[in-house]
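To start, the structure under review is shown below, and the notes come after it.
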Amino acid sequence: MIQVVCKKETYLYNAYHMVRAFYPAEEVTSCVEEKASNYITVRLPKGQQILITGEEGKKQVDKELYRALCTYTGKTLAWGVLMGVRPTKIAMKELEGGMTREAFVPWVMEDTSMSREKAELSWDIAVREKALLDRLDYENGYSLYVGIPFCPSVCTYCSFSSGALSDWRYAVEDYLAALFKELRAIADMCKEKRLNTIYIGGGTPTTLDAGQLKRLLSCIEENFSKEHLLEYTVEAGRPDSVTREKLNVLRAHGITRISINPQSMQQKTLDLIGRRHTVEDIYEVYGMARDAGFDNINMDIIAGLPGETVEDMKDTLKKIEQLSPDNLTVHSLAIKRAAKMGQKDSREYEEVLKDRAKSQNVNEQMETMIQDASHTAACMGMTPYYLYRQKNMAGNFENVGYAKVDKAGIYNILIMEEKQSIIAAGAGASTKLVFREPVENPANKKKRTNLIRIENVKAIDAYIDRIDEMIERKGEWLWH
């Protein structure tokens, strides 16, 4: 057990996650003690302690803790002191401010202690992101997210607001009725704006049957103009939810990009994480999608899944390379409390801890997996085009999206860089309104902000019952 004690709440988040990154196999707790004599105290096993006694601002405290942990463990972190989820925002800001790559890389390495590899990756991704985002209409444009919170089964690592179809089948039609009502309201509120991208996610949208899927897409067609649409994505993430009929429905309604997400090509892993399909199913559905005419297919995989070795990851990547998708998104496992895997009495949680206890080189293994994935992506003619991080991420690494030429997902960049408003419909959907000029922050009346978030309720039944309230929440701000 390791305990992190901070004198101020403002230090707690970074200190806790930094210590967890250095000690991935240990249980870490944290608390605030305002009467503590040190700004940060890290109480290690066997009575040892790391003490941070000086204060010159939060950034300096973070740097002092990082240096102390590096000295104590003999390790470094690829992203240095950065614990946030959007490290490329730093590069984007400096790029837009006129900084060059040659100036950015040494500066950010000094400022954040990140490695040269991550500094260069951040810059290169920011350049690609900017080239894609420059095609968008920031002033009059927006993007639309539509959430379908049903899955064939709930994966053990998943923390999204979704439920197994077997538990919610009785509510699907009521959910769609509420969703269509919200979509029609959004279309009316945004009728003077230009729709640039649509993303239908979840959950698993293809859990809907072909008729329901057709009605959803028809509702969008009837209410939103595609005149300025650059991208239309549907997640067909679970192979056990996809049929030839559903793929034909997607094609008939102009979907330009789909995701078929194996997460792993190891059957033992699929069984452990609750994926009720086989590796052969992935091949079959991928072939069906190509036969249906889809020429922009993304595949997701996760590095660091329970029980998986570097050799397992190499085998997964070899099989992905044989399929040659147009996008590859490589995630680092993030274990969240809302997921089954995050529950301490779960078999999957115990498996993760066992893996970490067996190996003192968790970070090294993760780094090898991520490097192998990067190499495979390059062999398929892909380059990295977006990047983000999550809390409790294995090895303190990142998620990276790779794409072939002209196949990058614009919506994925938007969700990270927050350059354009994303209007979201569905249970648990989060609307992000981006304003050119600061507006009053509803969460803090004393501050003004350029970004307002409007959250829909997560529970499926509550969303159905309170749909008018969800619409009213948006009506207060669309458009301010």
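Every chain in the structure tokens has a letter given in the order shown (A, B, ...), and although residue numbers restart at 1 in each chain, ligands are simply numbered from 1 in the order shown.
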Selection: 10 Å around segment 448-456 of chain A, only C-alpha atoms, excl. self and same-chain fewer than 5 positions, as an MDAnalysis selection string | chainID A and resid 418:443 462:463 466:467 469:471 473:474 477
When DSSP works through the backbone of this structure, what residues of segment 46-208 of chain A end up as helix (DSSP H, G or I), shown as a PyMOL selection string?
-> chain A and resi 46-47+58-73+88-96+101-112+116-133+165-189+205-207
Excluding same-chain residues fewer than 5 positions from Lys89 of chain A, what lies within 9 Å of it counting only C-alpha atoms, as a list in words?
-> Glu94, Ser122, Ala126, Met416 and Glu417 of chain A
Write the residues of the preceding selection, restricted to C-alpha atoms, as a CSV table (one decimal), in the first residue's frame.
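Written output follows (result-v1.csv):
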```csv
chain,number,residue,atom,x,y,z
A,94,GLU,CA,2.3,26.5,-30.0
A,122,SER,CA,2.8,15.4,-30.3
A,126,ALA,CA,-0.8,18.5,-34.2
A,416,MET,CA,-9.9,16.0,-28.5
A,417,GLU,CA,-9.1,19.5,-29.8
```
So what do you get for atom CA of Gly254 of chain A versus atom CA of Ser218 of chain A, distance-wise?
-> 10.8 Å
Neighbours of Ala252 of chain A within 12 Å (only C-alpha atoms; same-chain residues fewer than 2 positions away dropped), as a PyMOL selection string?
-> chain A and resi 210+213-214+217-218+221+245-250+254-256+292-294
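Counting only C-alpha atoms, the residue from A:Pro306, A:Arg43, A:Ala103, A:Gly98 that sits nearest to Leu272 of chain A is A:Pro306.
Backbone DSSP assigns strand (DSSP E) in segment 230-354 of chain A to Glu231, Tyr232, Thr233, Val234, Glu235, Arg257, Ile258, Ser259, Ile297, Asn298, Met299, Asp300, Ile301, Ile302, Ala303, Asn327, Leu328, Thr329, Val330, His331 and Ser332 of chain A.
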What does the distance from atom CA of Val81 of chain A to atom CA of Met99 of chain A come to in Å, to one decimal?
->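 Interatomic distance here is 21.7 Å.
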What lies within 10 Å of His228 of chain A using only C-alpha atoms, ignoring chain neighbours under 5 positions off, as number ranges by chain?
-> A: 136-137, 141, 193-197
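Shortest atom-to-atom contact with Tyr170 of chain A among A:Met366, A:Ile460, A:Ala131, A:Ala236: A:Ile460, counting only C-alpha atoms.
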